[in-house]
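Asker: File follows, model_7.txt with compact mmCIF, C-alpha atoms:
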```txt
# COMPACT_ATOMS: atom_id res chain seq x y z
CA MET A 274 -15.92 -154.49 30.01
CA THR A 275 -17.16 -157.83 28.69
CA THR A 276 -20.72 -158.55 27.58
CA ARG A 277 -21.08 -160.77 30.65
CA ASP A 278 -20.25 -157.82 32.92
CA ILE A 279 -22.87 -155.68 31.22
CA VAL A 280 -25.45 -158.43 31.62
CA LEU A 281 -24.55 -158.92 35.30
CA ILE A 282 -24.87 -155.18 35.89
CA ALA A 283 -28.25 -155.04 34.14
CA LEU A 284 -29.57 -158.13 35.95
CA PHE A 285 -28.55 -156.69 39.29
CA ALA A 286 -30.33 -153.43 38.50
CA ALA A 287 -33.40 -155.55 37.68
CA ILE A 288 -33.07 -157.35 41.04
CA MET A 289 -32.94 -153.88 42.63
CA ILE A 290 -36.27 -153.02 40.94
CA VAL A 291 -37.84 -156.26 42.21
CA LEU A 292 -36.60 -155.49 45.74
CA GLY A 293 -38.53 -152.22 45.49
CA LEU A 294 -41.71 -154.03 44.46
CA LEU A 295 -41.72 -156.23 47.57
CA PRO A 296 -43.95 -154.93 50.36
CA PRO A 297 -42.07 -153.31 53.28
CA VAL A 298 -41.71 -155.53 56.34
CA THR A 299 -42.38 -154.27 59.82
CA LEU A 300 -40.38 -155.99 62.52
CA GLY A 301 -41.94 -156.00 65.97
CA PHE A 302 -39.11 -154.26 67.77
CA ILE A 303 -38.47 -151.40 65.31
CA PRO A 304 -41.09 -148.74 64.58
CA VAL A 305 -39.88 -147.94 61.04
CA PRO A 306 -40.96 -150.32 58.25
CA ILE A 307 -38.01 -151.86 56.44
CA THR A 308 -37.88 -151.69 52.66
CA ALA A 309 -35.72 -154.25 50.94
CA GLN A 310 -34.35 -151.80 48.38
CA SER A 311 -31.65 -150.22 50.52
CA LEU A 312 -30.16 -153.70 50.79
CA GLY A 313 -29.27 -153.21 47.13
CA PRO A 314 -26.00 -151.25 47.41
CA MET A 315 -24.65 -153.62 50.07
CA LEU A 316 -25.59 -156.68 48.03
CA ALA A 317 -24.21 -155.15 44.83
CA GLY A 318 -20.85 -154.43 46.45
CA CYS A 319 -20.62 -157.78 48.26
CA ILE A 320 -21.63 -159.84 45.23
CA LEU A 321 -20.46 -158.00 42.11
CA GLY A 322 -17.47 -156.17 43.58
CA ALA A 323 -16.65 -152.46 43.50
CA ARG A 324 -16.76 -151.54 39.83
CA ARG A 325 -19.67 -153.63 38.58
CA GLY A 326 -21.62 -153.04 41.80
CA ALA A 327 -21.30 -149.26 41.56
CA ILE A 328 -22.20 -149.28 37.86
CA SER A 329 -25.31 -151.38 38.52
CA MET A 330 -26.41 -148.81 41.10
CA LEU A 331 -25.73 -145.99 38.61
CA LEU A 332 -27.83 -147.86 36.05
CA PHE A 333 -30.64 -148.13 38.58
CA LEU A 334 -30.41 -144.39 39.32
CA LEU A 335 -30.55 -143.74 35.57
CA LEU A 336 -33.77 -145.76 35.39
CA VAL A 337 -35.18 -143.62 38.21
CA ALA A 338 -34.10 -140.41 36.49
CA ILE A 339 -35.65 -141.22 33.12
CA GLY A 340 -39.01 -141.63 34.83
CA LEU A 341 -39.53 -145.30 35.61
CA PRO A 342 -41.38 -145.75 38.92
CA VAL A 343 -38.78 -148.18 40.27
CA LEU A 344 -38.06 -146.82 43.74
CA SER A 345 -39.94 -148.54 46.55
CA GLY A 346 -43.51 -147.33 46.76
CA GLY A 347 -43.62 -146.74 43.00
CA ARG A 348 -41.67 -143.50 43.17
CA GLY A 349 -39.48 -142.30 40.32
CA GLY A 350 -38.69 -139.41 38.04
CA LEU A 351 -36.49 -136.40 38.48
CA ALA A 352 -38.53 -135.13 41.45
CA VAL A 353 -36.80 -137.72 43.62
CA PHE A 354 -33.44 -136.08 42.89
CA ALA A 355 -34.84 -132.65 43.72
CA GLY A 356 -36.11 -133.65 47.16
CA PRO A 357 -34.17 -133.27 50.42
CA THR A 358 -33.48 -137.02 50.70
CA ALA A 359 -31.84 -137.33 47.26
CA GLY A 360 -28.40 -137.71 48.85
CA TYR A 361 -29.24 -141.14 50.25
CA ILE A 362 -30.04 -142.69 46.89
CA ILE A 363 -27.11 -140.97 45.17
CA GLY A 364 -24.98 -142.38 47.97
CA TRP A 365 -26.02 -145.89 46.92
CA ALA A 366 -23.62 -145.85 43.95
CA CYS A 367 -20.66 -144.70 46.02
CA GLY A 368 -21.68 -147.01 48.87
CA ALA A 369 -21.69 -150.02 46.56
CA TYR A 370 -18.20 -149.04 45.36
CA VAL A 371 -16.75 -148.77 48.88
CA CYS A 372 -18.52 -151.96 49.94
CA GLY A 373 -17.08 -153.77 46.92
CA LEU A 374 -13.57 -152.44 47.51
CA ILE A 375 -13.52 -153.72 51.08
CA ALA A 376 -15.08 -157.05 50.14
CA GLN A 377 -12.57 -157.59 47.30
CA ARG A 378 -9.64 -156.68 49.53
CA PHE A 379 -10.49 -158.85 52.54
CA VAL A 380 -12.64 -161.74 51.36
CA ARG A 381 -10.76 -164.78 50.08
CA GLU A 382 -12.40 -167.98 48.89
CA GLY A 383 -10.29 -170.31 51.01
CA GLN A 384 -10.84 -168.37 54.26
CA ASN A 385 -12.81 -169.82 57.13
CA GLU A 386 -16.46 -168.84 57.40
CA ILE A 387 -16.13 -166.45 60.32
CA ALA A 388 -13.39 -164.38 58.67
CA GLN A 389 -15.39 -164.12 55.45
CA LEU A 390 -18.51 -163.10 57.30
CA ALA A 391 -16.63 -160.49 59.34
CA ALA A 392 -15.18 -158.99 56.16
CA PHE A 393 -18.60 -158.86 54.51
CA VAL A 394 -20.13 -157.23 57.61
CA ALA A 395 -17.38 -154.59 57.60
CA ALA A 396 -17.85 -154.01 53.87
CA ALA A 397 -21.64 -153.73 54.05
CA PHE A 398 -21.49 -151.44 57.08
CA ALA A 399 -18.85 -149.10 55.65
CA GLY A 400 -20.42 -148.94 52.19
CA GLY A 401 -24.11 -149.38 52.81
CA VAL A 402 -24.40 -147.40 56.04
CA LEU A 403 -21.46 -145.01 56.56
CA VAL A 404 -21.05 -143.85 52.97
CA VAL A 405 -24.80 -143.71 52.26
CA TYR A 406 -25.48 -141.70 55.43
CA LEU A 407 -22.56 -139.40 54.65
CA PHE A 408 -24.04 -138.54 51.25
CA GLY A 409 -27.58 -138.39 52.61
CA LEU A 410 -26.76 -136.09 55.51
CA ALA A 411 -24.46 -133.88 53.45
CA TRP A 412 -27.20 -133.25 50.89
CA LEU A 413 -29.84 -132.85 53.58
CA SER A 414 -27.83 -130.22 55.41
CA TYR A 415 -27.07 -128.42 52.14
CA ALA A 416 -30.71 -128.43 51.06
CA THR A 417 -31.93 -127.24 54.44
CA GLY A 418 -29.44 -124.53 55.23
CA ASN A 419 -28.13 -125.97 58.47
CA ALA A 420 -30.49 -128.05 60.49
CA PHE A 421 -27.78 -130.69 60.57
CA LEU A 422 -28.07 -132.06 64.10
CA PRO A 423 -31.83 -132.76 63.98
CA ALA A 424 -31.27 -134.46 60.64
CA VAL A 425 -28.70 -136.76 62.22
CA ILE A 426 -31.09 -137.55 65.07
CA ALA A 427 -34.00 -138.17 62.69
CA SER A 428 -31.99 -140.49 60.47
CA ALA A 429 -30.95 -142.46 63.57
CA THR A 430 -34.44 -144.01 63.57
CA PHE A 431 -33.44 -145.87 60.42
CA LEU A 432 -30.19 -147.14 61.93
CA PRO A 433 -31.55 -150.32 63.61
CA GLY A 434 -33.20 -151.40 60.35
CA ASP A 435 -30.03 -150.67 58.43
CA LEU A 436 -27.93 -152.70 60.86
CA ILE A 437 -30.24 -155.67 60.31
CA LYS A 438 -29.76 -155.16 56.58
CA VAL A 439 -25.96 -155.21 57.04
CA GLY A 440 -26.35 -158.64 58.64
CA ILE A 441 -28.64 -159.90 55.88
CA ALA A 442 -26.36 -158.55 53.14
CA ALA A 443 -23.26 -160.10 54.72
CA LEU A 444 -24.92 -163.53 55.08
CA ALA A 445 -26.31 -163.31 51.53
CA GLY A 446 -22.93 -162.19 50.20
CA ARG A 447 -21.24 -165.17 51.79
CA ALA A 448 -23.90 -167.60 50.58
CA VAL A 449 -23.68 -166.29 47.01
CA LEU A 450 -19.87 -166.48 47.16
CA ALA A 451 -20.23 -170.15 48.13
CA GLY A 452 -22.89 -170.88 45.53
CA TYR A 453 -21.85 -168.79 42.55
CA PRO A 454 -18.67 -166.80 43.14
CA LEU A 455 -18.46 -163.59 41.12
CA LEU A 456 -16.46 -161.40 43.47
CA PRO A 457 -12.97 -162.87 42.84
CA GLN A 458 -13.15 -162.56 39.04
CA ARG A 459 -12.30 -158.94 38.94
CA ALA A 460 -13.32 -157.23 35.75
CA MET B 170 -45.41 -154.11 33.15
CA LEU B 171 -43.00 -151.27 33.78
CA ASN B 172 -44.55 -148.15 32.38
CA GLY B 173 -42.90 -144.77 32.39
CA LEU B 174 -44.33 -141.80 34.22
CA ASP B 175 -44.85 -139.69 31.10
CA ILE B 176 -48.29 -138.51 30.06
CA GLU B 177 -49.34 -137.86 26.51
CA GLY B 178 -50.22 -134.32 25.57
CA ASP B 179 -49.17 -131.28 23.60
CA SER B 180 -48.55 -128.66 26.27
CA LEU B 181 -45.63 -126.23 26.08
CA LEU B 182 -43.42 -128.62 28.05
CA HIS B 183 -44.36 -131.55 25.81
CA ARG B 184 -43.18 -129.63 22.78
CA MET B 185 -39.92 -128.43 24.35
CA PRO B 186 -36.80 -130.45 23.50
CA VAL B 187 -35.54 -132.72 26.30
CA ARG B 188 -32.27 -130.83 26.58
CA GLY B 189 -34.16 -127.55 27.03
CA LYS B 190 -36.24 -129.03 29.82
CA LEU B 191 -33.20 -130.39 31.63
CA ALA B 192 -31.40 -127.06 31.25
CA LEU B 193 -34.45 -125.30 32.68
CA LEU B 194 -34.47 -127.65 35.65
CA PHE B 195 -30.77 -127.21 36.44
CA LEU B 196 -30.93 -123.47 35.99
CA THR B 197 -33.88 -123.07 38.37
CA ALA B 198 -32.14 -125.36 40.86
CA ILE B 199 -29.12 -123.06 40.91
CA LEU B 200 -31.12 -119.83 40.97
CA LEU B 201 -33.45 -120.98 43.75
CA PHE B 202 -30.56 -121.65 46.10
CA LEU B 203 -29.16 -118.15 45.52
CA THR B 204 -32.11 -116.37 47.08
CA SER B 205 -34.10 -116.51 50.33
CA ASP B 206 -36.43 -113.70 49.31
CA LEU B 207 -40.06 -114.78 49.70
CA ARG B 208 -41.13 -112.16 47.12
CA ILE B 209 -39.34 -114.28 44.52
CA LEU B 210 -39.86 -117.74 46.00
CA VAL B 211 -43.65 -117.61 46.48
CA PRO B 212 -44.38 -116.59 42.87
CA ALA B 213 -41.87 -119.23 41.75
CA LEU B 214 -43.82 -121.88 43.66
CA ALA B 215 -47.11 -120.71 42.13
CA LEU B 216 -45.54 -120.70 38.68
CA SER B 217 -44.15 -124.21 39.05
CA SER B 218 -47.50 -125.58 40.30
CA GLY B 219 -49.11 -124.01 37.24
CA LEU B 220 -46.46 -125.55 35.02
CA TYR B 221 -46.95 -128.99 36.59
CA LEU B 222 -50.74 -128.87 36.19
CA SER B 223 -50.43 -127.51 32.65
CA THR B 224 -49.17 -130.95 31.62
CA ARG B 225 -52.83 -132.09 31.97
CA ILE B 226 -51.84 -134.71 34.49
CA GLY B 227 -55.01 -134.31 36.57
CA PRO B 228 -54.94 -133.18 40.22
CA GLY B 229 -55.30 -136.65 41.78
CA GLU B 230 -52.41 -138.24 39.89
CA ALA B 231 -50.37 -135.05 40.24
CA TRP B 232 -50.70 -135.18 44.02
CA ARG B 233 -50.10 -138.94 44.27
CA ARG B 234 -46.75 -138.59 42.51
CA VAL B 235 -45.21 -135.83 44.56
CA ARG B 236 -46.82 -136.35 47.97
CA PHE B 237 -43.97 -138.42 49.41
CA VAL B 238 -41.25 -135.99 48.35
CA LEU B 239 -43.35 -133.02 49.45
CA PHE B 240 -43.80 -134.70 52.83
CA THR B 241 -40.03 -134.87 53.30
CA VAL B 242 -39.82 -131.23 52.16
CA LEU B 243 -42.38 -130.30 54.80
CA LEU B 244 -40.42 -132.11 57.53
CA VAL B 245 -37.23 -130.28 56.56
CA ALA B 246 -39.05 -126.95 56.36
CA ALA B 247 -40.59 -127.53 59.79
CA ALA B 248 -37.14 -128.19 61.24
CA ASN B 249 -35.93 -124.90 59.75
CA TYR B 250 -39.06 -123.07 60.95
CA PHE B 251 -38.42 -123.98 64.58
CA LEU B 252 -34.62 -124.08 64.65
CA GLN B 253 -33.67 -121.18 62.38
CA SER B 254 -36.46 -118.70 61.84
CA PRO B 255 -40.03 -118.88 60.53
CA LEU B 256 -38.87 -116.94 57.47
CA GLU B 257 -36.15 -119.48 56.70
CA GLY B 258 -38.72 -122.29 57.12
CA PHE B 259 -41.05 -120.76 54.53
CA ALA B 260 -38.18 -120.05 52.15
CA THR B 261 -36.97 -123.65 52.39
CA PHE B 262 -40.46 -124.97 51.77
CA CYS B 263 -41.01 -122.76 48.69
CA ARG B 264 -37.54 -123.42 47.28
CA LEU B 265 -37.62 -127.22 47.54
CA SER B 266 -41.29 -127.58 46.53
CA THR B 267 -40.72 -125.47 43.42
CA LEU B 268 -37.83 -127.68 42.42
CA VAL B 269 -39.79 -130.88 43.07
CA LEU B 270 -42.76 -129.67 41.01
CA ILE B 271 -40.64 -128.61 38.04
CA ALA B 272 -38.80 -131.94 38.12
CA ALA B 273 -42.13 -133.80 38.24
CA ALA B 274 -43.38 -131.72 35.30
CA VAL B 275 -40.29 -132.63 33.24
CA THR B 276 -40.80 -136.31 34.05
CA ALA B 277 -44.50 -136.14 33.17
CA THR B 278 -43.77 -134.68 29.75
CA THR B 279 -40.75 -136.75 28.67
CA GLY B 280 -41.04 -140.29 27.37
CA ILE B 281 -38.50 -143.02 28.21
CA SER B 282 -37.22 -143.27 24.63
CA ALA B 283 -36.85 -139.48 24.29
CA PHE B 284 -34.85 -139.52 27.50
CA MET B 285 -32.65 -142.39 26.31
CA ASP B 286 -31.94 -140.55 23.03
CA GLU B 287 -30.89 -137.47 24.98
CA ILE B 288 -28.69 -139.57 27.28
CA ALA B 289 -27.01 -141.16 24.27
CA ARG B 290 -26.31 -137.66 22.95
CA LEU B 291 -25.00 -136.44 26.32
CA LEU B 292 -22.71 -139.49 26.51
CA ALA B 293 -21.20 -138.79 23.09
CA PRO B 294 -18.30 -136.66 24.42
CA LEU B 295 -17.47 -139.36 26.99
CA GLU B 296 -17.67 -141.97 24.24
CA ARG B 297 -15.10 -140.07 22.19
CA LEU B 298 -12.76 -140.23 25.20
CA GLY B 299 -13.31 -143.99 25.29
CA LEU B 300 -14.86 -143.96 28.78
CA VAL B 301 -18.32 -145.36 28.03
CA ARG B 302 -20.19 -146.66 25.04
CA ALA B 303 -23.65 -145.19 24.60
CA ALA B 304 -24.84 -148.40 22.92
CA ASP B 305 -23.82 -150.39 26.01
CA VAL B 306 -25.81 -148.06 28.26
CA SER B 307 -28.92 -148.49 26.10
CA LEU B 308 -28.36 -152.26 26.07
CA ALA B 309 -28.11 -152.36 29.87
CA VAL B 310 -31.24 -150.23 30.32
CA GLY B 311 -33.18 -152.48 27.94
CA LEU B 312 -31.95 -155.66 29.65
CA ALA B 313 -32.84 -154.40 33.13
CA ILE B 314 -36.39 -153.48 32.11
CA ARG B 315 -36.78 -156.71 30.15
CA PHE B 316 -35.83 -158.98 33.05
CA VAL B 317 -37.96 -157.48 35.82
CA PRO B 318 -41.04 -159.67 35.07
CA GLU B 319 -38.77 -162.73 34.87
CA ILE B 320 -37.23 -162.07 38.27
CA LEU B 321 -40.61 -161.27 39.77
CA ALA B 322 -41.96 -164.62 38.50
CA ARG B 323 -38.91 -166.33 40.01
CA TYR B 324 -39.62 -164.59 43.30
CA GLY B 325 -43.16 -166.04 43.20
CA GLU B 326 -41.74 -169.52 42.56
CA ILE B 327 -39.33 -169.28 45.50
CA VAL B 328 -42.16 -168.15 47.81
CA ALA B 329 -44.27 -171.08 46.55
CA ALA B 330 -41.36 -173.45 47.20
CA HIS B 331 -41.18 -172.18 50.77
CA LYS B 332 -44.91 -172.71 51.25
CA ALA B 333 -44.78 -176.22 49.78
CA ARG B 334 -42.17 -177.13 52.39
CA GLY B 335 -44.02 -175.40 55.20
CA LEU B 336 -41.13 -172.97 55.75
CA PRO B 337 -41.55 -169.34 56.75
CA VAL B 338 -40.39 -166.91 54.03
CA ARG B 339 -37.27 -165.28 55.47
CA PRO B 340 -35.29 -162.55 53.71
CA LEU B 341 -32.15 -164.64 53.59
CA THR B 342 -33.65 -167.89 52.28
CA LEU B 343 -35.43 -165.77 49.67
CA LEU B 344 -32.62 -163.46 48.54
CA VAL B 345 -29.86 -166.00 48.09
CA PRO B 346 -31.66 -168.33 45.64
CA LEU B 347 -33.18 -165.33 43.87
CA ILE B 348 -29.76 -163.73 43.30
CA ILE B 349 -27.91 -166.92 42.41
CA LEU B 350 -30.59 -168.12 39.97
CA THR B 351 -30.82 -164.69 38.34
CA LEU B 352 -27.09 -164.06 37.99
CA LYS B 353 -26.49 -167.61 36.71
CA ASP B 354 -28.50 -166.58 33.63
CA ALA B 355 -25.85 -163.95 32.85
CA ASP B 356 -23.61 -166.39 30.97
CA MET B 357 -26.43 -167.57 28.71
CA ILE B 358 -27.66 -164.04 28.02
CA ALA B 359 -24.15 -162.77 27.33
CA MET B 360 -23.55 -165.63 24.91
CA ALA B 361 -26.84 -164.93 23.15
CA ILE B 362 -25.94 -161.22 22.81
CA ASP B 363 -22.48 -161.98 21.44
CA ALA B 364 -23.82 -164.67 19.07
CA ARG B 365 -26.12 -162.09 17.51
CA GLY B 366 -23.34 -159.54 17.22
CA PHE B 367 -25.13 -156.77 19.12
CA ARG B 368 -21.88 -155.29 20.37
CA ARG B 369 -19.68 -154.73 17.36
CA HIS B 370 -16.26 -153.30 18.10
```
So, in terms of structure tokens, how does the structure I just supplied come out?
Answerer:
Amino acid sequence: MTTRDIVLIALFAAIMIVLGLLPPVTLGFIPVPITAQSLGPMLAGCILGARRGAISMLLFLLLVAIGLPVLSGGRGGLAVFAGPTAGYIIGWACGAYVCGLIAQRFVREGQNEIAQLAAFVAAAFAGGVLVVYLFGLAWLSYATGNAFLPAVIASATFLPGDLIKVGIAALAGRAVLAGYPLLPQRA
Amino acid sequence: MLNGLDIEGDSLLHRMPVRGKLALLFLTAILLFLTSDLRILVPALALSSGLYLSTRIGPGEAWRRVRFVLFTVLLVAAANYFLQSPLEGFATFCRLSTLVLIAAAVTATTGISAFMDEIARLLAPLERLGLVRAADVSLAVGLAIRFVPEILARYGEIVAAHKARGLPVRPLTLLVPLIILTLKDADMIAMAIDARGFRRH
């Protein structure tokens, strides 16, 4: 791992912290306020690729664990990992990895725009939604005994917001690839 | 601008070594999930609240820190109360709240640098296998904390640029310049780090 990779990973973790400092947005047609932070794993995977993206999420989780209030709403510390929703944030690291793997496999620089965008959407959805929900729901159902079905239904309220984030992450991933490509230089 | 969540003091937890505190946390986590007996779980909850408050954090701050997590615990416990049995609901509430309070107590009594030292020590076996370098982890943590104010200032500039052009601030027109401008610094920073020989091999 080169020094540049380490710096990229650290800078992305810092971007993640800044995303958590931004106030949550409420869109008219969805009742749940959207925080920018869960965009992080999708962006990390789409922009930095699998390995660096996942490590930058792990670094962010380390910052949470050592007691920096860097999660949205100024939360932090080990208590976050003890709560019933810990699976979602642990899923961010794995989600970024899966997102990066798909993006690296299917996105090429010379492709036309639509194909690139479609690949980024698939990557962000698989990594940032499917994998993250898988971890989140698995931990939730373990922590609660087995109230699994209501947990699935409750987390569905976040789905519309997350689908919007998939779109934003895919568009941002494509724009960053055009402006400052990092994805193809696999480390 | 980024301060840790630790509080100065000299309570029992403050004086305990970091490794001891983490071991305590993991051990209680395992033990709590082995039992559903309220005769054990209720005293455990009382004990952990006592432990948390013994860090001299003050009730207001103590509550502000754990209220969000405790709210999610309450939701989960309510689901168990109605779907499983009232007993299971209470057990879930006590079990998860106890864990949350002990974790919050460990965070309140452990400084960032003490934590980083312990992490470096825990990484030592992995370092011997050649998987990670503890120095690199410390470097990355330092860099991330160092650059938050910079990125936040850049965010302010991008918002100002939007306003100057009479454009609405949209997530996409905000994120893309923020990310590109930030990551473009990586080359300069990496060169500066290598020029100073921070990462000797």
Asker: Please determine the contact residues of chain B with respect to chain A at a cut-off of 6 Å, counting only C-alpha atoms, and supply them as a PyMOL selection string.
Answerer: chain B and resi 173-174+238+268-269+272-273+276+281+284+309+312-313+317+345+355+359
Asker: Could you tell me how far CA of Leu374 in chain A sits from CA of Arg339 in chain B, in Å to one decimal place?
Answerer: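 Separation between CA of Arg339 in chain B and CA of Leu374 in chain A: 28.1 Å.
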Asker: Counting all atoms listed in the file, write as a list in words all protein and nucleic acid residues lying at most 12 Å from (-29.3, -152.7, 64.0) in the file's frame.
Answerer: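 Taken together, the residues in range are Leu300, Phe302, Ile303, Val305, Ile307, Phe398, Val402, Ala429, Thr430, Phe431, Leu432, Pro433, Gly434, Asp435, Leu436, Ile437, Lys438, Val439, Gly440 and Ile441 of chain A.
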Asker: Using only C-alpha atoms, determine which residues lie at most 10 Å from Phe379 in chain A, disregarding the query and same-chain residues fewer than 6 positions distant; provide the list as an MDAnalysis selection string.
Answerer: chainID A and resid 388:389 391:393 395:396
Asker: I want to know what sits within 7 Å of Gly368 in chain A, based on all atoms listed in the file, with residues of the same chain fewer than 2 positions away left out; could you give that as a ChimeraX atom specification?
Answerer: /A:314,364-366,370-372,400-401,404-405
Asker: Please provide the set of residues having any atom within 12 Å of range 193-201 of chain B, restricted to all atoms listed in the file, with same-chain residues fewer than 4 positions apart removed, written as a PDB file with C-alpha atoms, in the coordinates of the input.
Answerer:
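Now in out.pdb:
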```pdb
ATOM      1  CA  LEU A 351     -36.490-136.400  38.480  1.00  0.00           C
ATOM      2  CA  ALA A 352     -38.530-135.130  41.450  1.00  0.00           C
ATOM      3  CA  PHE A 354     -33.440-136.080  42.890  1.00  0.00           C
ATOM      4  CA  ALA A 355     -34.840-132.650  43.720  1.00  0.00           C
ATOM      5  CA  GLY A 356     -36.110-133.650  47.160  1.00  0.00           C
ATOM      6  CA  ALA A 416     -30.710-128.430  51.060  1.00  0.00           C
TER       7      ALA A 416
ATOM      8  CA  LEU B 182     -43.420-128.620  28.050  1.00  0.00           C
ATOM      9  CA  MET B 185     -39.920-128.430  24.350  1.00  0.00           C
ATOM     10  CA  PRO B 186     -36.800-130.450  23.500  1.00  0.00           C
ATOM     11  CA  VAL B 187     -35.540-132.720  26.300  1.00  0.00           C
ATOM     12  CA  ARG B 188     -32.270-130.830  26.580  1.00  0.00           C
ATOM     13  CA  GLY B 189     -34.160-127.550  27.030  1.00  0.00           C
ATOM     14  CA  SER B 205     -34.100-116.510  50.330  1.00  0.00           C
ATOM     15  CA  ASP B 206     -36.430-113.700  49.310  1.00  0.00           C
ATOM     16  CA  LEU B 207     -40.060-114.780  49.700  1.00  0.00           C
ATOM     17  CA  ILE B 209     -39.340-114.280  44.520  1.00  0.00           C
ATOM     18  CA  LEU B 210     -39.860-117.740  46.000  1.00  0.00           C
ATOM     19  CA  VAL B 211     -43.650-117.610  46.480  1.00  0.00           C
ATOM     20  CA  PRO B 212     -44.380-116.590  42.870  1.00  0.00           C
ATOM     21  CA  ALA B 213     -41.870-119.230  41.750  1.00  0.00           C
ATOM     22  CA  LEU B 214     -43.820-121.880  43.660  1.00  0.00           C
ATOM     23  CA  LEU B 216     -45.540-120.700  38.680  1.00  0.00           C
ATOM     24  CA  SER B 217     -44.150-124.210  39.050  1.00  0.00           C
ATOM     25  CA  ALA B 260     -38.180-120.050  52.150  1.00  0.00           C
ATOM     26  CA  THR B 261     -36.970-123.650  52.390  1.00  0.00           C
ATOM     27  CA  PHE B 262     -40.460-124.970  51.770  1.00  0.00           C
ATOM     28  CA  CYS B 263     -41.010-122.760  48.690  1.00  0.00           C
ATOM     29  CA  ARG B 264     -37.540-123.420  47.280  1.00  0.00           C
ATOM     30  CA  LEU B 265     -37.620-127.220  47.540  1.00  0.00           C
ATOM     31  CA  SER B 266     -41.290-127.580  46.530  1.00  0.00           C
ATOM     32  CA  THR B 267     -40.720-125.470  43.420  1.00  0.00           C
ATOM     33  CA  LEU B 268     -37.830-127.680  42.420  1.00  0.00           C
ATOM     34  CA  VAL B 269     -39.790-130.880  43.070  1.00  0.00           C
ATOM     35  CA  LEU B 270     -42.760-129.670  41.010  1.00  0.00           C
ATOM     36  CA  ILE B 271     -40.640-128.610  38.040  1.00  0.00           C
ATOM     37  CA  ALA B 272     -38.800-131.940  38.120  1.00  0.00           C
ATOM     38  CA  ALA B 273     -42.130-133.800  38.240  1.00  0.00           C
ATOM     39  CA  ALA B 274     -43.380-131.720  35.300  1.00  0.00           C
ATOM     40  CA  VAL B 275     -40.290-132.630  33.240  1.00  0.00           C
ATOM     41  CA  THR B 276     -40.800-136.310  34.050  1.00  0.00           C
TER      42      THR B 276
END
```
Asker: For each of A:Ile363, A:Leu312, A:Ala451, A:Ala411, take the minimum atom-to-atom distance to Gly383 in chain A, counting all atoms listed in the file, then give the residue where this is smallest.
Answerer: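 Of the candidates, the smallest distance to Gly383 in chain A is held by A:Ala451.
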